[in-house]
$ cat target-v7.txt   # compact mmCIF, C-alpha atoms
# COMPACT_ATOMS: atom_id res chain seq x y z
CA MET A 1 4.43 195.69 190.58
CA THR A 2 2.51 192.42 190.63
CA ILE A 3 1.14 191.43 194.05
CA LEU A 4 -0.28 188.08 195.08
CA LEU A 5 -2.66 187.87 198.05
CA LYS A 6 -2.33 184.29 199.19
CA GLY A 7 -4.91 182.07 200.82
CA GLY A 8 -7.53 184.57 202.00
CA ARG A 9 -11.29 184.29 202.23
CA VAL A 10 -12.38 186.42 199.28
CA ILE A 11 -15.65 188.21 200.03
CA ASN A 12 -17.06 190.23 197.14
CA PRO A 13 -20.73 191.29 197.30
CA ALA A 14 -20.78 192.36 193.64
CA GLU A 15 -20.65 188.73 192.52
CA ASN A 16 -21.74 187.11 195.78
CA ARG A 17 -18.34 185.43 196.02
CA ASP A 18 -17.32 183.96 199.37
CA GLU A 19 -14.51 181.43 199.00
CA THR A 20 -10.90 180.77 199.89
CA ALA A 21 -8.76 181.85 196.94
CA ASP A 22 -5.68 183.77 195.85
CA VAL A 23 -5.90 187.22 194.29
CA LEU A 24 -3.36 188.37 191.71
CA ILE A 25 -2.98 192.13 191.25
CA GLU A 26 -1.27 193.65 188.22
CA ASN A 27 -1.15 197.20 186.83
CA GLY A 28 -3.54 198.46 189.49
CA LYS A 29 -6.26 195.94 188.73
CA VAL A 30 -7.40 192.52 189.85
CA LYS A 31 -5.92 190.24 187.20
CA LYS A 32 -7.00 186.84 188.48
CA ILE A 33 -8.85 185.16 191.37
CA ASP A 34 -8.21 181.45 191.62
CA ARG A 35 -6.98 178.70 193.89
CA ASP A 36 -3.26 177.99 194.09
CA ILE A 37 -1.91 180.80 191.91
CA SER A 38 1.84 180.31 191.65
CA GLU A 39 3.96 182.68 193.70
CA SER A 40 6.29 182.89 190.72
CA GLU A 41 3.70 185.08 188.97
CA ALA A 42 4.16 187.88 191.51
CA ASP A 43 6.83 190.35 192.56
CA ARG A 44 5.43 190.42 196.08
CA VAL A 45 3.42 187.88 198.06
CA ILE A 46 1.24 188.86 201.01
CA SER A 47 -0.25 186.16 203.20
CA ALA A 48 -4.01 186.53 203.71
CA LYS A 49 -4.40 183.21 205.48
CA ASP A 50 -7.32 183.20 207.95
CA CYS A 51 -8.20 186.74 206.81
CA TYR A 52 -11.00 188.30 204.78
CA VAL A 53 -10.05 189.83 201.43
CA MET A 54 -12.73 192.43 200.74
CA PRO A 55 -13.28 195.49 198.55
CA GLY A 56 -11.57 198.53 200.07
CA PHE A 57 -13.96 200.35 202.37
CA ILE A 58 -15.74 203.50 201.16
CA ASP A 59 -16.68 206.16 203.70
CA MET A 60 -19.42 208.49 202.50
CA HIS A 61 -18.94 210.89 205.39
CA VAL A 62 -15.64 212.27 206.68
CA HIS A 63 -14.29 215.65 207.73
CA PHE A 64 -10.67 216.26 206.72
CA ARG A 65 -10.86 219.95 207.80
CA ASP A 66 -8.76 221.03 204.82
CA PRO A 67 -8.76 223.84 203.76
CA GLY A 68 -9.03 226.06 206.80
CA TYR A 69 -8.71 223.88 209.89
CA GLU A 70 -5.53 221.93 209.19
CA GLN A 71 -4.57 221.95 212.87
CA LYS A 72 -7.40 219.42 213.38
CA GLU A 73 -6.70 217.31 210.28
CA ASP A 74 -5.39 217.79 206.77
CA ILE A 75 -5.72 215.83 203.56
CA PHE A 76 -2.48 213.90 204.14
CA SER A 77 -3.13 212.91 207.77
CA GLY A 78 -6.74 212.12 206.93
CA MET A 79 -5.71 209.81 204.10
CA GLN A 80 -3.27 207.98 206.37
CA ALA A 81 -5.99 207.51 208.98
CA ALA A 82 -8.33 206.19 206.30
CA ALA A 83 -5.72 203.76 204.97
CA HIS A 84 -5.09 202.48 208.52
CA GLY A 85 -8.81 201.81 208.79
CA GLY A 86 -9.07 199.90 205.51
CA TYR A 87 -10.59 202.75 203.49
CA THR A 88 -9.60 203.30 199.88
CA THR A 89 -12.19 205.98 199.03
CA VAL A 90 -13.68 208.71 201.22
CA LEU A 91 -16.10 211.57 200.65
CA THR A 92 -15.08 214.73 202.48
CA MET A 93 -17.74 217.11 203.73
CA PRO A 94 -17.93 220.73 202.53
CA ASN A 95 -17.84 222.57 205.88
CA THR A 96 -14.28 223.76 205.35
CA ARG A 97 -12.96 227.33 205.33
CA PRO A 98 -13.73 228.48 202.71
CA ALA A 99 -16.68 226.16 202.20
CA ALA A 100 -16.54 223.79 199.23
CA ASP A 101 -19.07 225.87 197.32
CA ASN A 102 -16.94 226.56 194.22
CA PRO A 103 -14.75 224.60 191.78
CA ASP A 104 -11.51 226.04 193.18
CA VAL A 105 -12.00 224.28 196.52
CA ILE A 106 -12.98 221.04 194.79
CA HIS A 107 -9.82 221.15 192.67
CA TYR A 108 -7.67 222.07 195.68
CA VAL A 109 -8.78 219.01 197.63
CA HIS A 110 -8.58 216.61 194.70
CA ASN A 111 -5.15 217.82 193.62
CA LYS A 112 -3.75 217.67 197.15
CA ALA A 113 -5.11 214.15 197.57
CA LYS A 114 -3.53 213.01 194.30
CA ALA A 115 -0.20 214.45 195.42
CA GLY A 116 -0.43 212.35 198.57
CA GLN A 117 -0.54 209.14 196.52
CA CYS A 118 -2.50 207.22 199.13
CA ILE A 119 -6.26 206.75 198.75
CA HIS A 120 -9.07 208.30 196.71
CA VAL A 121 -10.57 211.49 198.16
CA LEU A 122 -13.77 212.89 196.66
CA GLN A 123 -14.84 216.35 197.78
CA VAL A 124 -18.58 216.83 198.31
CA GLY A 125 -19.97 220.19 197.20
CA ALA A 126 -21.91 222.59 199.43
CA ILE A 127 -25.60 223.08 198.71
CA THR A 128 -25.60 226.81 199.41
CA LYS A 129 -23.05 229.58 199.01
CA GLY A 130 -20.87 229.74 202.09
CA GLN A 131 -23.22 227.19 203.65
CA LYS A 132 -25.29 230.15 204.76
CA GLY A 133 -28.58 228.61 203.65
CA GLU A 134 -29.58 231.65 201.65
CA GLU A 135 -28.65 231.03 198.00
CA LEU A 136 -27.86 227.88 196.05
CA ALA A 137 -24.27 227.29 195.07
CA ASP A 138 -23.56 226.77 191.37
CA ILE A 139 -24.12 223.04 191.70
CA GLU A 140 -23.53 222.25 188.04
CA SER A 141 -20.05 223.79 188.18
CA LEU A 142 -19.27 221.71 191.27
CA VAL A 143 -20.26 218.53 189.48
CA GLU A 144 -18.18 219.51 186.46
CA ALA A 145 -15.22 220.00 188.84
CA GLY A 146 -15.63 216.42 190.04
CA CYS A 147 -17.78 216.50 193.16
CA PRO A 148 -19.83 213.28 193.48
CA ALA A 149 -22.65 214.67 195.64
CA ILE A 150 -23.89 217.76 197.44
CA SER A 151 -24.46 218.29 201.15
CA GLU A 152 -24.80 220.99 203.75
CA ASP A 153 -23.34 218.70 206.38
CA GLY A 154 -22.64 220.41 209.65
CA LYS A 155 -25.82 222.35 208.97
CA THR A 156 -29.29 221.82 207.54
CA VAL A 157 -30.84 223.84 204.74
CA MET A 158 -33.73 225.06 206.84
CA ASP A 159 -35.53 226.85 203.99
CA ALA A 160 -37.69 224.04 202.58
CA SER A 161 -38.19 225.80 199.26
CA LEU A 162 -34.45 226.26 198.80
CA CYS A 163 -33.83 222.64 199.78
CA MET A 164 -36.41 221.53 197.22
CA ASP A 165 -34.64 223.57 194.52
CA ALA A 166 -31.35 221.90 195.45
CA MET A 167 -32.89 218.46 195.21
CA ALA A 168 -34.39 219.25 191.83
CA GLU A 169 -30.99 220.39 190.57
CA ALA A 170 -29.32 217.28 191.99
CA ALA A 171 -31.91 215.10 190.27
CA ARG A 172 -31.24 216.87 186.97
CA LEU A 173 -27.50 216.31 187.37
CA HIS A 174 -27.90 212.71 188.60
CA ILE A 175 -26.05 213.11 191.88
CA PRO A 176 -27.22 212.25 195.40
CA VAL A 177 -28.04 214.72 198.15
CA LEU A 178 -26.37 213.83 201.45
CA ALA A 179 -28.69 215.22 204.10
CA HIS A 180 -27.70 216.37 207.58
CA CYS A 181 -31.07 216.18 209.32
CA GLU A 182 -31.33 218.59 212.23
CA ASP A 183 -34.02 221.17 212.89
CA ARG A 184 -31.83 224.04 214.06
CA ASN A 185 -34.80 225.85 215.57
CA MET A 186 -35.36 222.96 217.97
CA VAL A 187 -31.74 222.25 218.95
CA GLN A 188 -31.32 225.49 220.87
CA LYS A 189 -28.32 224.86 223.16
CA GLY A 190 -28.69 221.09 223.34
CA VAL A 191 -25.59 219.09 224.16
CA ILE A 192 -26.57 215.43 224.63
CA ASN A 193 -29.70 213.33 224.14
CA GLU A 194 -32.63 214.50 226.21
CA GLY A 195 -33.28 211.98 228.97
CA GLU A 196 -32.03 210.74 232.31
CA LYS A 197 -28.39 211.52 231.54
CA SER A 198 -29.07 215.11 230.50
CA LYS A 199 -30.94 215.56 233.78
CA GLU A 200 -28.19 213.86 235.79
CA PHE A 201 -25.48 216.02 234.23
CA GLY A 202 -27.56 219.18 234.25
CA LEU A 203 -27.14 219.65 230.50
CA PRO A 204 -29.68 220.83 227.92
CA GLY A 205 -31.00 217.89 225.88
CA ILE A 206 -31.56 217.21 222.19
CA LYS A 207 -34.81 215.44 221.35
CA ASN A 208 -35.13 212.70 218.70
CA THR A 209 -37.67 215.00 217.07
CA VAL A 210 -34.85 217.36 216.07
CA GLU A 211 -33.64 214.70 213.62
CA ASP A 212 -36.94 213.04 212.79
CA LEU A 213 -38.67 216.20 211.57
CA ILE A 214 -36.06 216.96 208.91
CA ILE A 215 -35.85 213.32 207.82
CA ALA A 216 -39.60 213.39 207.21
CA ARG A 217 -39.36 216.70 205.34
CA ASP A 218 -36.48 215.60 203.16
CA ILE A 219 -38.16 212.31 202.27
CA ILE A 220 -41.21 214.27 201.11
CA LEU A 221 -39.03 216.62 199.06
CA ALA A 222 -37.16 213.70 197.52
CA LYS A 223 -40.44 212.09 196.52
CA GLU A 224 -41.60 215.36 194.97
CA THR A 225 -38.39 216.03 193.02
CA GLY A 226 -37.24 212.50 192.21
CA ALA A 227 -33.90 213.23 193.87
CA GLN A 228 -31.67 210.52 195.22
CA LEU A 229 -31.61 211.22 198.96
CA HIS A 230 -29.01 209.82 201.31
CA LEU A 231 -29.61 210.38 205.01
CA CYS A 232 -26.44 210.97 207.00
CA HIS A 233 -25.63 209.62 210.49
CA CYS A 234 -29.11 208.37 211.40
CA SER A 235 -29.49 207.88 215.14
CA THR A 236 -33.17 207.38 216.02
CA LYS A 237 -35.55 204.45 215.91
CA ASN A 238 -38.00 206.53 213.89
CA SER A 239 -35.37 207.07 211.20
CA VAL A 240 -35.45 203.33 210.48
CA TRP A 241 -39.22 203.29 210.31
CA MET A 242 -39.36 206.32 207.99
CA VAL A 243 -36.69 204.98 205.62
CA LYS A 244 -38.49 201.65 205.39
CA SER A 245 -41.82 203.36 204.72
CA ALA A 246 -40.29 205.68 202.11
CA LYS A 247 -38.71 202.80 200.22
CA GLU A 248 -42.01 200.95 200.19
CA VAL A 249 -43.62 203.82 198.26
CA GLY A 250 -40.75 204.18 195.81
CA VAL A 251 -38.75 207.10 197.21
CA LYS A 252 -35.08 206.93 196.18
CA VAL A 253 -33.65 207.04 199.68
CA SER A 254 -30.69 205.41 201.38
CA ALA A 255 -29.37 205.83 204.90
CA GLU A 256 -26.17 205.45 206.87
CA VAL A 257 -25.45 204.55 210.48
CA CYS A 258 -22.19 205.33 212.29
CA PRO A 259 -20.42 202.82 214.55
CA HIS A 260 -20.81 205.02 217.61
CA HIS A 261 -24.57 205.10 217.14
CA PHE A 262 -24.94 201.31 216.88
CA THR A 263 -22.39 200.62 219.63
CA LEU A 264 -22.96 203.21 222.37
CA SER A 265 -26.04 204.56 224.14
CA THR A 266 -26.47 207.29 226.72
CA ASP A 267 -26.05 204.59 229.38
CA ASP A 268 -22.36 204.37 228.44
CA MET A 269 -21.79 207.97 229.54
CA LYS A 270 -20.57 207.69 233.13
CA GLU A 271 -19.59 211.34 233.28
CA PRO A 272 -19.95 214.44 231.06
CA ASP A 273 -16.89 213.59 228.94
CA PRO A 274 -16.57 215.77 225.77
CA ASN A 275 -15.29 212.72 223.88
CA TYR A 276 -18.87 211.44 224.05
CA LYS A 277 -20.23 214.61 222.47
CA MET A 278 -21.25 214.15 218.85
CA ASN A 279 -24.03 215.32 216.57
CA PRO A 280 -26.46 213.60 216.43
CA PRO A 281 -25.92 212.60 220.06
CA LEU A 282 -25.82 209.11 221.47
CA ARG A 283 -29.40 207.94 221.94
CA THR A 284 -31.16 205.31 224.06
CA LYS A 285 -30.67 201.54 224.02
CA GLU A 286 -33.99 201.29 222.20
CA ASP A 287 -32.64 203.50 219.41
CA VAL A 288 -29.41 201.50 219.25
CA GLN A 289 -31.33 198.26 218.88
CA ALA A 290 -33.50 199.70 216.12
CA LEU A 291 -30.41 200.82 214.19
CA LYS A 292 -28.82 197.38 214.48
CA GLU A 293 -31.99 195.75 213.23
CA GLY A 294 -32.25 198.30 210.42
CA LEU A 295 -28.77 197.36 209.23
CA ARG A 296 -29.55 193.66 209.62
CA ASP A 297 -32.70 193.99 207.54
CA GLY A 298 -31.08 196.07 204.80
CA ILE A 299 -33.19 199.14 205.53
CA MET A 300 -30.11 201.14 206.49
CA GLU A 301 -27.57 200.00 203.92
CA VAL A 302 -24.44 202.04 204.65
CA ILE A 303 -21.98 202.26 207.54
CA SER A 304 -20.13 205.60 207.59
CA THR A 305 -17.91 207.13 210.24
CA ASP A 306 -18.65 210.88 210.37
CA HIS A 307 -14.93 211.14 211.17
CA ALA A 308 -14.69 214.54 212.90
CA PRO A 309 -11.24 215.27 214.34
CA HIS A 310 -10.58 218.03 216.86
CA THR A 311 -7.45 219.13 218.70
CA PHE A 312 -6.81 218.23 222.34
CA ASP A 313 -7.52 221.82 223.38
CA ASP A 314 -10.83 221.78 221.48
CA LYS A 315 -12.11 218.97 223.65
CA ASN A 316 -10.23 219.84 226.86
CA CYS A 317 -13.10 221.84 228.28
CA SER A 318 -16.63 221.39 229.57
CA MET A 319 -19.23 219.32 227.75
CA GLN A 320 -21.21 222.48 227.15
CA GLU A 321 -18.31 224.33 225.49
CA ALA A 322 -16.72 221.47 223.53
CA PRO A 323 -17.41 221.08 219.81
CA PHE A 324 -19.40 218.12 218.52
CA GLY A 325 -17.59 215.24 216.87
CA ILE A 326 -15.36 212.19 217.30
CA VAL A 327 -12.85 210.42 215.07
CA GLY A 328 -13.86 207.11 213.52
CA LEU A 329 -11.81 206.00 210.52
CA GLU A 330 -9.38 203.83 212.47
CA THR A 331 -11.95 202.09 214.66
CA ALA A 332 -14.96 201.58 212.37
CA ALA A 333 -14.10 198.18 210.90
CA SER A 334 -13.22 196.66 214.27
CA LEU A 335 -16.35 198.04 215.92
CA THR A 336 -18.54 196.88 213.04
CA TYR A 337 -17.11 193.38 213.17
CA THR A 338 -17.33 193.19 216.97
CA GLU A 339 -20.80 194.64 217.40
CA LEU A 340 -22.58 193.53 214.24
CA VAL A 341 -20.86 190.46 212.83
CA LEU A 342 -19.99 188.75 216.10
CA GLY A 343 -23.25 190.14 217.46
CA GLY A 344 -25.20 188.23 214.80
CA TYR A 345 -26.64 191.19 212.91
CA LEU A 346 -24.43 191.09 209.80
CA THR A 347 -22.59 188.40 207.91
CA PRO A 348 -19.09 189.24 206.65
CA MET A 349 -20.67 189.60 203.21
CA LYS A 350 -23.17 192.17 204.50
CA MET A 351 -20.37 193.99 206.32
CA ALA A 352 -18.51 194.32 203.00
CA ALA A 353 -21.71 195.49 201.33
CA CYS A 354 -22.45 198.16 203.96
CA MET A 355 -18.87 199.41 204.05
CA SER A 356 -18.01 199.28 200.35
CA TYR A 357 -20.36 197.87 197.70
CA ASN A 358 -23.48 199.80 198.72
CA PRO A 359 -21.73 203.19 199.08
CA ALA A 360 -20.17 202.75 195.64
CA GLY A 361 -23.57 202.12 194.12
CA ILE A 362 -25.13 205.17 195.76
CA ILE A 363 -22.32 207.46 194.60
CA GLY A 364 -22.13 205.81 191.19
CA ILE A 365 -18.41 204.99 191.12
CA ASP A 366 -16.60 201.91 189.80
CA LYS A 367 -15.50 200.77 193.24
CA GLY A 368 -16.63 198.32 195.89
CA ASP A 369 -16.07 195.37 193.55
CA ILE A 370 -12.94 193.22 193.34
CA SER A 371 -14.01 191.04 190.43
CA GLU A 372 -11.37 190.26 187.82
CA GLY A 373 -10.59 193.37 185.77
CA LYS A 374 -11.77 195.79 188.45
CA PRO A 375 -9.57 198.35 190.27
CA ALA A 376 -7.45 196.71 192.96
CA ASP A 377 -8.84 198.63 195.94
CA ILE A 378 -8.68 195.93 198.59
CA VAL A 379 -8.60 195.48 202.35
CA ILE A 380 -7.24 192.43 204.15
CA PHE A 381 -9.07 192.11 207.45
CA ASP A 382 -8.07 189.73 210.23
CA PRO A 383 -11.27 188.62 212.02
CA LYS A 384 -9.42 186.81 214.82
CA LYS A 385 -7.20 189.65 215.97
CA THR A 386 -8.28 190.98 219.37
CA TYR A 387 -6.79 194.21 220.69
CA ARG A 388 -7.47 197.31 222.75
CA ILE A 389 -8.05 200.56 220.90
CA ASP A 390 -5.27 203.02 221.67
CA LYS A 391 -5.87 206.58 220.52
CA ASN A 392 -2.16 207.34 220.81
CA THR A 393 -1.49 205.04 217.85
CA PHE A 394 -3.91 206.85 215.52
CA ALA A 395 -2.55 208.29 212.28
CA SER A 396 -5.24 210.97 212.49
CA LYS A 397 -4.33 214.24 214.17
CA GLY A 398 -7.55 213.82 216.14
CA LYS A 399 -7.48 211.59 219.22
CA ASN A 400 -11.02 212.48 220.30
CA THR A 401 -12.69 209.11 220.73
CA PRO A 402 -14.88 207.51 223.40
CA PHE A 403 -13.46 204.10 222.43
CA ASP A 404 -9.95 204.51 223.85
CA GLY A 405 -9.10 201.34 225.79
CA ARG A 406 -12.07 199.36 224.46
CA GLU A 407 -11.33 195.74 223.54
CA VAL A 408 -12.46 194.78 220.04
CA THR A 409 -12.07 191.85 217.70
CA GLY A 410 -11.04 192.17 214.05
CA ARG A 411 -8.32 194.39 212.66
CA VAL A 412 -7.18 195.72 209.31
CA LYS A 413 -3.99 193.94 208.28
CA CYS A 414 -3.36 195.59 204.91
CA THR A 415 -4.90 198.23 202.65
CA ILE A 416 -4.25 198.27 198.91
CA CYS A 417 -5.34 201.16 196.68
CA ASP A 418 -4.95 201.04 192.89
CA GLY A 419 -2.72 198.01 193.30
CA GLU A 420 -0.32 199.70 195.74
CA VAL A 421 0.07 198.82 199.41
CA VAL A 422 -0.80 202.00 201.31
CA TYR A 423 -0.94 200.45 204.78
CA MET A 424 0.44 197.32 206.40
CA ASP A 425 -0.09 196.54 210.08
CA GLU A 426 3.38 196.52 211.65
CA ASP A 427 2.43 193.49 213.74
CA GLU A 428 1.76 191.58 210.54
CA ASP A 429 5.03 192.30 208.73
CA GLN A 430 6.45 189.04 210.01
CA ASP A 431 3.68 187.11 208.26
CA GLU A 432 4.53 188.56 204.86
CA ASP A 433 6.57 186.40 202.51

$ encode --input "target-v7.txt" --output "structure tokens"
Amino acid sequence: MTILLKGGRVINPAENRDETADVLIENGKVKKIDRDISESEADRVISAKDCYVMPGFIDMHVHFRDPGYEQKEDIFSGMQAAAHGGYTTVLTMPNTRPAADNPDVIHYVHNKAKAGQCIHVLQVGAITKGQKGEELADIESLVEAGCPAISEDGKTVMDASLCMDAMAEAARLHIPVLAHCEDRNMVQKGVINEGEKSKEFGLPGIKNTVEDLIIARDIILAKETGAQLHLCHCSTKNSVWMVKSAKEVGVKVSAEVCPHHFTLSTDDMKEPDPNYKMNPPLRTKEDVQALKEGLRDGIMEVISTDHAPHTFDDKNCSMQEAPFGIVGLETAASLTYTELVLGGYLTPMKMAACMSYNPAGIIGIDKGDISEGKPADIVIFDPKKTYRIDKNTFASKGKNTPFDGREVTGRVKCTICDGEVVYMDEDEDQDED
């Protein structure tokens, strides 16, 4: 099918294009970008008037819980949630059951995703066998099976020597290491950020140092091994400073920030609500400001969600007992636009770079670019649409979000993957020709 996207503002960081134009899609690729392309050239016309037409978003950090925890999420529900949020490619973390430490799990996820015919799902490989932190997984076999990166997300490889060996192997195989930075010996039974709120709620706190120590260690190991290091879900002001300093001395390091960390602080927690419990925890306003400035200045170049669905029963308990994690795929674009673009920290071009072009470059995939001849992975985003987030409308099985009822501006109208429409906002159907 040939699809024509009519009259949108085409924003493509790969070629620094920002102009009103039509986009013609044919055989899964962008065939032509031009003004006033005739509707007669297409089988289907979708109005993109007053909307941004951007490369489909790429999330470097999601948990689809499959295999092993399908009651929380599975590949199919996760893909639908991603499509609703404008994502055409996601990287799923390896803390499944069994862990993604062998080619069989990699193939299972990739084959199930292909059967779903929705978006691209890339399974990240575990660093250690069973994610036990004792022995390296056969990383080369994981790469041969199609994993784009390795990570121990959900945990940290606490053995520095073992972590260094993993980075050396990743450097040899030319894949990035996605680092979950948390000193497990310092976390103890921490629940939320250490500060006034932890005292008010009578809950054990988690210091910034828990994250900062491992970031510093991993930067040193990356410098020593030449590995490409990507720091997951950074939440502290010191993380920005350390990434900036590391880049200045030539370390191959990149970093991501999640919408909840640049939108919420501990001050937003009015009560000990488990939907505000995530790892790393919400930090102070000072940390939030530093993260926003880090994204503005290009120090932190990726926005990821750390989408972590749980069942209602999982979270329907005390803050102390509840698991860490919130969902994020269906709210990330709106929160990013509201907080960072309208807030003056990012331009629409930089938003597209942080959510698509930059992740593609770090992973090394031919995505995040909608130039002519490139794969037609595209999101149409309406920057004028204002609405209230309603968790009950989520495609994800997980409804665990602190953003329920929050008013935001900007909404995904349509998601196209490999030239096929995989999501269309029901409210926008009437606008389609």

$ residues_around --input "target-v7.txt" --residues "Ile37 in chain A" --least-positions-apart "5" --cutoff "10 Å" --atoms "all atoms listed in the file" --output "count of residues only"
10

$ axis_aligned_box --input "target-v7.txt" --around "range 220-237 of chain A" --padding-each-side "5 Å" --output "AutoDock Vina command-line options"
--center_x -33.6 --center_y 210.5 --center_z 204.1 --size_x 26.0 --size_y 22.2 --size_z 33.8

$ residues_around --input "target-v7.txt" --residues "range 224-231 of chain A" --least-positions-apart "4" --cutoff "8 Å" --atoms "only C-alpha atoms" --output "list in words"
Met164, Met167, Ala168, Ala170, Ala171, His174, Ile175, Pro176, Val177, Leu178, Ala179, His180, Cys181, Ile215, Asp218, Ile219, Ile220, Val251, Lys252, Val253, Ser254, Ala255 and Glu256 of chain A

$ closest_residue --input "target-v7.txt" --among "A:Gly410, A:Ile362, A:Ser396, A:Gln320" --to "Ile75 in chain A" --atoms "all atoms listed in the file"
A:Ser396

$ closest_residue --input "target-v7.txt" --among "A:Thr338, A:Val379, A:Ile303, A:Arg44" --to "Met424 in chain A" --atoms "all atoms listed in the file"
A:Val379

$ atom_distance --input "target-v7.txt" --atom1 "CA of Pro309 in chain A" --atom2 "CA of Phe201 in chain A"
24.5 Å

$ atom_distance --input "target-v7.txt" --atom1 "CA of Tyr345 in chain A" --atom2 "CA of Glu301 in chain A"
12.6 Å

$ residues_around --input "target-v7.txt" --residues "range 350-356 of chain A" --least-positions-apart "2" --cutoff "7 Å" --atoms "only C-alpha atoms" --output "ChimeraX atom specification"
/A:13,54-58,301-303,346-348,358-360,368

$ atom_distance --input "target-v7.txt" --atom1 "CA of Ile106 in chain A" --atom2 "CA of Thr331 in chain A"
27.5 Å

$ decode --input "target-v7.txt" --residues "range 300-311 of chain A" --atoms "N, CA and C atoms" --output "PDB file, in the first residue's frame"
ATOM      1  N   MET A 300      23.125  14.781  28.154  1.00  0.00           N
ATOM      2  CA  MET A 300      22.273  13.592  28.199  1.00  0.00           C
ATOM      3  C   MET A 300      21.494  13.591  26.886  1.00  0.00           C
ATOM      4  N   GLU A 301      21.740  12.618  26.023  1.00  0.00           N
ATOM      5  CA  GLU A 301      21.220  12.736  24.657  1.00  0.00           C
ATOM      6  C   GLU A 301      20.066  11.812  24.323  1.00  0.00           C
ATOM      7  N   VAL A 302      19.574  11.053  25.308  1.00  0.00           N
ATOM      8  CA  VAL A 302      18.509  10.091  25.047  1.00  0.00           C
ATOM      9  C   VAL A 302      17.399  10.237  26.092  1.00  0.00           C
ATOM     10  N   ILE A 303      16.158  10.134  25.623  1.00  0.00           N
ATOM     11  CA  ILE A 303      15.006  10.029  26.513  1.00  0.00           C
ATOM     12  C   ILE A 303      14.440   8.623  26.367  1.00  0.00           C
ATOM     13  N   SER A 304      14.465   7.854  27.447  1.00  0.00           N
ATOM     14  CA  SER A 304      13.916   6.502  27.474  1.00  0.00           C
ATOM     15  C   SER A 304      12.849   6.424  28.555  1.00  0.00           C
ATOM     16  N   THR A 305      12.047   5.359  28.529  1.00  0.00           N
ATOM     17  CA  THR A 305      10.934   5.314  29.479  1.00  0.00           C
ATOM     18  C   THR A 305      11.178   4.460  30.720  1.00  0.00           C
ATOM     19  N   ASP A 306      11.998   3.409  30.618  1.00  0.00           N
ATOM     20  CA  ASP A 306      12.084   2.400  31.678  1.00  0.00           C
ATOM     21  C   ASP A 306      10.688   1.867  31.992  1.00  0.00           C
ATOM     22  N   HIS A 307       9.915   1.640  30.934  1.00  0.00           N
ATOM     23  CA  HIS A 307       8.559   1.102  31.042  1.00  0.00           C
ATOM     24  C   HIS A 307       8.581  -0.183  31.862  1.00  0.00           C
ATOM     25  N   ALA A 308       7.943  -0.161  33.033  1.00  0.00           N
ATOM     26  CA  ALA A 308       8.012  -1.289  33.968  1.00  0.00           C
ATOM     27  C   ALA A 308       6.624  -1.613  34.513  1.00  0.00           C
ATOM     28  N   PRO A 309       5.838  -2.375  33.744  1.00  0.00           N
ATOM     29  CA  PRO A 309       4.464  -2.671  34.158  1.00  0.00           C
ATOM     30  C   PRO A 309       4.378  -3.677  35.298  1.00  0.00           C
ATOM     31  N   HIS A 310       3.397  -3.451  36.167  1.00  0.00           N
ATOM     32  CA  HIS A 310       3.069  -4.391  37.237  1.00  0.00           C
ATOM     33  C   HIS A 310       1.553  -4.548  37.290  1.00  0.00           C
ATOM     34  N   THR A 311       1.087  -5.623  37.896  1.00  0.00           N
ATOM     35  CA  THR A 311      -0.349  -5.824  38.050  1.00  0.00           C
ATOM     36  C   THR A 311      -0.894  -4.902  39.142  1.00  0.00           C
TER      37      THR A 311
END
